[in-house]
Amino acid sequence: MSSVRKSIKLILSLLLLTLPLQANAQTGSDAKLLRFDPAVVNLGELPASQDSVSVTFDFTNISEGDVHLVEVHSQCSCTKPYYSNKTVRSGKKSSLKVTLYLKDLTGPQKRHLTVVATDGQKRRFSTITIVCNVVR
């Protein structure tokens, strides 16, 4: 039963990772609502004795209208996003926080999260990434 659950989680994670590619293929890369700066955060080496680490991803609403975050999909249970569904006005900045739990992680890690945002008419997807090396 445990292997079935792992397989289902893997399949769902892979499907979520393809969502940004599908959105860009349908609408073009210029249709993004948000710009993350940076979209990839490299934390370098982290000691396994450290319980967790939190990262703040800053973003800007680059659309012509108001945007709000609908949800943030995590690739695994070791990453937990914290965000507000508040509206972000055009040209304004906001942020979301992601905590990476290091328990049971070893070696090079790359964790992707899919951010789903809407302007009220369409949904757009962005990918943010945490990279690190957990040293035991």
# chains A, B, ... in the order shown; residues from 1 in each chain; ligands from 1

$ residues_around --residues "Ala48 in chain A" --least-positions-apart "4" --cutoff "7 Å" --atoms "only C-alpha atoms" --output "ChimeraX atom specification"
/A:102,134-136

$ write_last_selection --atoms "C-alpha atoms" --output "PDB file, in the first residue's frame"
ATOM      1  CA  LEU A 102      15.772  18.998   6.160  1.00  0.00           C
ATOM      2  CA  VAL A 134      22.336  18.750   2.819  1.00  0.00           C
ATOM      3  CA  VAL A 135      25.545  17.551   4.476  1.00  0.00           C
ATOM      4  CA  ARG A 136      25.436  14.810   7.116  1.00  0.00           C
TER       5      ARG A 136
END

$ closest_residue --among "A:Val55, A:Ile128, A:Ile62, A:Leu46" --to "Thr106 in chain A" --atoms "only C-alpha atoms"
A:Leu46

$ closest_residue --among "A:Ser126, A:Glu64, A:Ser77, A:Tyr101" --to "Phe36 in chain A" --atoms "only C-alpha atoms"
A:Ser126

$ residues_around --residues "Ser95 in chain A" --least-positions-apart "2" --cutoff "9 Å" --atoms "only C-alpha atoms" --output "PDB file with C-alpha atoms, in the first residue's frame"
ATOM      1  CA  PHE A  36       9.858  36.287  -9.234  1.00  0.00           C
ATOM      2  CA  THR A  56      11.363  34.347   0.979  1.00  0.00           C
ATOM      3  CA  PHE A  57      10.526  34.673  -2.707  1.00  0.00           C
ATOM      4  CA  ASP A  58       9.805  38.266  -3.750  1.00  0.00           C
ATOM      5  CA  PHE A  59       7.594  38.829  -6.768  1.00  0.00           C
ATOM      6  CA  THR A  60       6.117  41.680  -8.788  1.00  0.00           C
ATOM      7  CA  TYR A  83       1.340  32.935   1.430  1.00  0.00           C
ATOM      8  CA  SER A  84      -1.598  35.305   1.478  1.00  0.00           C
ATOM      9  CA  LYS A  93       5.480  43.748  -5.022  1.00  0.00           C
ATOM     10  CA  LYS A  97       7.705  32.232   2.222  1.00  0.00           C
TER      11      LYS A  97
END

$ closest_residue --among "A:Ser63, A:Gln50, A:Gln75, A:Asn133" --to "Val115 in chain A" --atoms "only C-alpha atoms"
A:Gln75

$ residues_around --residues "Thr99 in chain A" --least-positions-apart "3" --cutoff "7 Å" --atoms "only C-alpha atoms" --output "PDB file with N, CA and C atoms, in the first residue's frame"
ATOM      1  N   SER A  52      15.261  23.025   9.783  1.00  0.00           N
ATOM      2  CA  SER A  52      14.594  23.589   8.605  1.00  0.00           C
ATOM      3  C   SER A  52      15.256  24.909   8.231  1.00  0.00           C
ATOM      4  N   VAL A  53      14.905  25.383   7.046  1.00  0.00           N
ATOM      5  CA  VAL A  53      15.377  26.683   6.586  1.00  0.00           C
ATOM      6  C   VAL A  53      14.224  27.336   5.827  1.00  0.00           C
ATOM      7  N   SER A  54      14.064  28.633   6.008  1.00  0.00           N
ATOM      8  CA  SER A  54      12.986  29.355   5.323  1.00  0.00           C
ATOM      9  C   SER A  54      13.565  30.308   4.289  1.00  0.00           C
ATOM     10  N   VAL A  55      12.866  30.405   3.170  1.00  0.00           N
ATOM     11  CA  VAL A  55      13.278  31.248   2.055  1.00  0.00           C
ATOM     12  C   VAL A  55      12.109  32.158   1.700  1.00  0.00           C
ATOM     13  N   THR A  79       8.638  20.571   1.695  1.00  0.00           N
ATOM     14  CA  THR A  79       8.530  22.012   1.462  1.00  0.00           C
ATOM     15  C   THR A  79       7.123  22.475   1.807  1.00  0.00           C
ATOM     16  N   LYS A  80       7.050  23.558   2.563  1.00  0.00           N
ATOM     17  CA  LYS A  80       5.755  24.088   2.992  1.00  0.00           C
ATOM     18  C   LYS A  80       5.690  25.569   2.640  1.00  0.00           C
ATOM     19  N   PRO A  81       4.782  25.932   1.709  1.00  0.00           N
ATOM     20  CA  PRO A  81       4.640  27.344   1.350  1.00  0.00           C
ATOM     21  C   PRO A  81       3.699  28.080   2.305  1.00  0.00           C
TER      22      PRO A  81
END

$ closest_residue --among "A:Ala31, A:Val131, A:Leu113, A:Val41" --to "Val72 in chain A" --atoms "only C-alpha atoms"
A:Leu113

$ select_by_dssp --residues "range 30-131 of chain A" --states "strand (DSSP E or B)" --output "number ranges by chain"
A: 34-36, 40-47, 52-61, 67-74, 79-82, 87-88, 93-101, 107-118, 123-131

$ atom_distance --atom1 "CA of Phe125 in chain A" --atom2 "CA of Gly44 in chain A"
26.4 Å

$ atom_distance --atom1 "CA of Asp51 in chain A" --atom2 "CA of Lys103 in chain A"
6.3 Å
